[in-house]
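In what follows, a structure is listed as structure tokens, so that the remarks can point back to it.
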Amino acid sequence: MILNTPNRYGLVAIALHWLMALGVIGMFGLGLYMVELTYYDNWYHGSLEFHKAVGVLLALVFLARLIWRQLNTVPTGLADKAIANKAAHWMHLGLYLVMAALFVSGYLISTADGRAVDVFGLFSVPATLTDRGSQEEIAGQIHELLAWSLAGMVALHALAALKHHVINKDNTLKRMLRP
Amino acid sequence: MKKLLIALSVSAAAMTATVANAAEYIVDTKGAHASIQFKVKHLGYSWLTGRFNTFEGNFDWDKTKPANTEIEIKIDTASIDSNHAERDKHLRSKDFLSTDQYPTASFKSTGYKPTGAGTGELSGDFNFHGVTKSITFPVSQVGEGDDPWGGYRAGFSGSTTIMLKDYKMDGPLGNLPVDLELYIEGIRQ
């Protein structure tokens, strides 16, 4: 129930999956919204502070998820064709990679001037690379590009799950909902 | 070879002509004895200051013929620095400077009216955010003379106030006056 088996996802993997799904979708929407706010809007500063703090927490959940994945068996894909299982597998790796790059690029924007990222006043992540002037611009462009890429990949990932559920009528989606 | 010699002598003559008009100075951005600062009120409660880190310029100045003063300055708008990466990123964006579209701002003088010893009214075309406006503002000389390293320097300061909306930055901050302050030291060529 807690751990994965060769056929099922365990409780922890499922919880981590949906927590990150919520985080990723929420952060994408928040990101798009907050860059449109103008200086005198109530949440001009707050939205960014929240986005950064949640980003750090999400990165920690991401690390926990990677470790959990390493410690566990990964259930095998349910598609009939090997190539479909392989595609799903590569998509999963791609999602991990793009998420990791999003965390790093976001961190590099806000820490470009040496300021730390504060996480709800609980702790802060200090700056490392501080090439002020170009760093926040380059990291910013990469962050935006990656955000849109991740949104597209998440859509494909979700569509593939729905396709399995509706067309193939297999357990792919259900086993991510119930251990 | 002959053509080259002619070209050289012609350009040498042209150079002599400029020098005879007024001494040419290059703004000492290399040694960072010049700065372009801006100052804007934050919420009406305090001053926020920042600067453009990268610019270049030169001017013609002769204290015996101040009316011949000329100056040209080019500013790399993306070099804006208010000591806050997130704010600078927003300032470079389409909401403000649109530095991708307008990477350079420039000022080219069109006239100088001396108003006293080392003071005057400088007029010129200020190109900023794709908009060119004729502006006039007071400048004053700080000093001039030999430097300890074999050169000759002259320094000035001047300031003017602009409104962002006059330069097509119409956002909620368009109506805020922004002070631009120029501090330059030139090395005579």
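A note on labels: chains of the structure tokens are A, B, ... as shown, every chain counts residues from 1, and ligands are counted from 1 in their shown order.
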**OP:** Please identify all polymer residues within 7 Å of range 70-84 of chain A, counting only C-alpha atoms, omitting same-chain residues fewer than 5 positions from it, and present them as a ChimeraX atom specification.
**Re:** /A:3-9,172
**OP:** Select residues of chain A: the criterion is any atom within 10 Å of an atom of chain B, counting only C-alpha atoms; output as a ChimeraX atom specification.
**Re:** /A:35-36,38-41,48,108-115,130-137,140
Write the residues of the preceding selection, restricted to N, CA, C and O atoms, as a compact mmCIF listing (two decimals), in the first residue's frame.
# COMPACT_ATOMS: atom_id res chain seq x y z
N VAL A 35 2.82 38.19 -13.69
CA VAL A 35 3.63 39.09 -14.52
C VAL A 35 2.78 40.17 -15.19
O VAL A 35 3.31 41.13 -15.73
N GLU A 36 1.46 39.99 -15.14
CA GLU A 36 0.58 41.02 -15.70
C GLU A 36 0.20 42.08 -14.67
O GLU A 36 -0.37 43.11 -15.01
N THR A 38 0.39 45.20 -12.21
CA THR A 38 1.17 46.43 -12.26
C THR A 38 1.52 46.87 -10.85
O THR A 38 1.03 46.32 -9.86
N TYR A 39 2.38 47.86 -10.80
CA TYR A 39 3.01 48.25 -9.54
C TYR A 39 2.05 48.52 -8.40
O TYR A 39 2.33 48.21 -7.25
N TYR A 40 0.91 49.14 -8.72
CA TYR A 40 -0.01 49.53 -7.64
C TYR A 40 -1.02 48.45 -7.30
O TYR A 40 -1.91 48.68 -6.50
N ASP A 41 -0.92 47.28 -7.93
CA ASP A 41 -1.84 46.20 -7.57
C ASP A 41 -1.47 45.64 -6.20
O ASP A 41 -0.29 45.54 -5.86
N LEU A 48 4.70 37.41 -6.16
CA LEU A 48 6.04 36.92 -6.47
C LEU A 48 6.67 36.23 -5.26
O LEU A 48 7.31 35.18 -5.39
N LEU A 108 17.64 31.35 -10.10
CA LEU A 108 18.69 32.24 -10.62
C LEU A 108 18.18 33.64 -10.96
O LEU A 108 18.96 34.60 -10.95
N ILE A 109 16.88 33.77 -11.25
CA ILE A 109 16.33 35.12 -11.50
C ILE A 109 16.41 35.92 -10.20
O ILE A 109 16.97 37.01 -10.15
N SER A 110 15.81 35.35 -9.16
CA SER A 110 15.62 36.12 -7.94
C SER A 110 16.89 36.30 -7.13
O SER A 110 16.97 37.21 -6.31
N THR A 111 17.86 35.45 -7.34
CA THR A 111 19.09 35.56 -6.55
C THR A 111 20.21 36.25 -7.32
O THR A 111 21.33 36.34 -6.84
N ALA A 112 19.89 36.77 -8.53
CA ALA A 112 20.93 37.38 -9.38
C ALA A 112 21.63 38.55 -8.69
O ALA A 112 22.78 38.85 -8.98
N ASP A 113 20.91 39.24 -7.80
CA ASP A 113 21.54 40.38 -7.12
C ASP A 113 22.07 40.00 -5.74
O ASP A 113 22.40 40.87 -4.94
N GLY A 114 22.13 38.70 -5.46
CA GLY A 114 22.72 38.26 -4.19
C GLY A 114 21.70 38.10 -3.08
O GLY A 114 22.03 37.63 -2.00
N ARG A 115 20.44 38.49 -3.36
CA ARG A 115 19.41 38.33 -2.33
C ARG A 115 19.00 36.87 -2.22
O ARG A 115 18.96 36.15 -3.22
N THR A 130 25.79 35.12 -9.00
CA THR A 130 25.22 36.47 -8.97
C THR A 130 25.85 37.34 -10.05
O THR A 130 26.62 38.24 -9.77
N ASP A 131 25.49 37.05 -11.29
CA ASP A 131 26.00 37.84 -12.40
C ASP A 131 24.92 38.86 -12.75
O ASP A 131 24.14 38.69 -13.68
N ARG A 132 24.86 39.92 -11.95
CA ARG A 132 23.76 40.86 -12.07
C ARG A 132 23.76 41.55 -13.43
O ARG A 132 24.80 41.86 -13.97
N GLY A 133 22.58 41.79 -13.93
CA GLY A 133 22.45 42.47 -15.21
C GLY A 133 21.97 41.53 -16.27
O GLY A 133 20.91 41.71 -16.82
N SER A 134 22.76 40.47 -16.54
CA SER A 134 22.34 39.54 -17.58
C SER A 134 21.70 38.29 -16.99
O SER A 134 20.83 37.69 -17.62
N GLN A 135 22.10 37.90 -15.80
CA GLN A 135 21.61 36.63 -15.24
C GLN A 135 20.10 36.59 -15.09
O GLN A 135 19.45 35.62 -15.51
N GLU A 136 19.52 37.65 -14.52
CA GLU A 136 18.06 37.62 -14.32
C GLU A 136 17.32 37.64 -15.65
O GLU A 136 16.23 37.09 -15.77
N GLU A 137 17.94 38.26 -16.67
CA GLU A 137 17.29 38.30 -17.99
C GLU A 137 17.33 36.94 -18.67
O GLU A 137 16.32 36.44 -19.17
N GLY A 140 15.40 34.42 -16.79
CA GLY A 140 13.98 34.75 -16.94
C GLY A 140 13.42 34.22 -18.24
O GLY A 140 12.32 33.67 -18.29
**OP:** Kindly indicate which residue among A:Asn168, A:Asn85, A:Ser47, A:Ser105 lies nearest to Leu129 in chain A, using only C-alpha atoms for the distances.
**Re:** A:Ser105
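Taking only C-alpha atoms into account, Ile73 in chain B lies nearest to B:Lys108 out of the set B:Lys108, B:Lys94, B:Arg51, B:His42.
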**OP:** Figure out the distance between CA of Gly31 in chain B and CA of Lys113 in chain B, please, to one decimal in Å.
**Re:** 29.3 Å
Original post:
Which residue, A:Leu32, A:Val119, A:Leu156, A:Val12, has the smallest gap to Ala59 in chain A when you use only C-alpha atoms?
Top reply: A:Val119
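Straight-line separation from CA of Phe156 in chain B to CA of Ala67 in chain B: 15.2 Å.
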**OP:** Excluding Lys39 in chain B and residues on its chain fewer than 5 positions from it, collect all residues at most 7 Å away from it, counting only C-alpha atoms, and give them as a VMD selection string.
**Re:** chain B and resid 47 to 50 178 to 180
Residues just named, written with N, CA, C and O atoms as a PDB file, in the first residue's frame:
ATOM      1  N   TRP B  47      12.781  58.521  -1.868  1.00  0.00           N
ATOM      2  CA  TRP B  47      13.465  58.517  -3.160  1.00  0.00           C
ATOM      3  C   TRP B  47      14.028  57.143  -3.469  1.00  0.00           C
ATOM      4  O   TRP B  47      14.668  56.534  -2.617  1.00  0.00           O
ATOM      5  N   LEU B  48      13.797  56.701  -4.686  1.00  0.00           N
ATOM      6  CA  LEU B  48      14.468  55.500  -5.170  1.00  0.00           C
ATOM      7  C   LEU B  48      15.486  55.956  -6.210  1.00  0.00           C
ATOM      8  O   LEU B  48      15.147  56.742  -7.091  1.00  0.00           O
ATOM      9  N   THR B  49      16.720  55.502  -6.075  1.00  0.00           N
ATOM     10  CA  THR B  49      17.723  55.898  -7.061  1.00  0.00           C
ATOM     11  C   THR B  49      18.258  54.679  -7.789  1.00  0.00           C
ATOM     12  O   THR B  49      18.221  53.561  -7.279  1.00  0.00           O
ATOM     13  N   GLY B  50      18.727  54.907  -8.981  1.00  0.00           N
ATOM     14  CA  GLY B  50      19.342  53.847  -9.768  1.00  0.00           C
ATOM     15  C   GLY B  50      20.184  54.497 -10.844  1.00  0.00           C
ATOM     16  O   GLY B  50      20.336  55.728 -10.875  1.00  0.00           O
ATOM     17  N   VAL B 178      10.438  61.651 -13.266  1.00  0.00           N
ATOM     18  CA  VAL B 178      11.687  60.921 -13.053  1.00  0.00           C
ATOM     19  C   VAL B 178      12.836  61.891 -13.285  1.00  0.00           C
ATOM     20  O   VAL B 178      12.925  62.522 -14.338  1.00  0.00           O
ATOM     21  N   ASP B 179      13.674  62.050 -12.292  1.00  0.00           N
ATOM     22  CA  ASP B 179      14.844  62.917 -12.440  1.00  0.00           C
ATOM     23  C   ASP B 179      15.979  62.138 -13.072  1.00  0.00           C
ATOM     24  O   ASP B 179      16.274  61.020 -12.648  1.00  0.00           O
ATOM     25  N   LEU B 180      16.589  62.729 -14.083  1.00  0.00           N
ATOM     26  CA  LEU B 180      17.779  62.125 -14.690  1.00  0.00           C
ATOM     27  C   LEU B 180      18.964  63.034 -14.365  1.00  0.00           C
ATOM     28  O   LEU B 180      18.894  64.243 -14.573  1.00  0.00           O
TER      29      LEU B 180
END
Subject >> Every residue of range 51-108 of chain B that DSSP places in helix (DSSP H, G or I), as a PyMOL selection string >> reply: chain B and resi 66-68+77-79+85-92
Original post:
Do you have the CA of Leu159 in chain A-CA of Gly23 in chain A distance handy?
Top reply: 18.7 Å
**OP:** Can you pull out every residue within 10 Å of Lys63 in chain B, counting only C-alpha atoms, but drop anything in the same chain fewer than 6 positions away, and send it as a list in words?
**Re:** Ala22, Ala23, Thr69, Ala117, Gly118, Gln141, Glu144 and Ala154 of chain B
Original post:
Where does DSSP see strand (DSSP E) in range 37-163 of chain B, if you list the residues as an MDAnalysis selection string?
Top reply: chainID B and resid 37:42 46:52 55:61 70:76 80:81 104:116 119:128 131:146 152:163
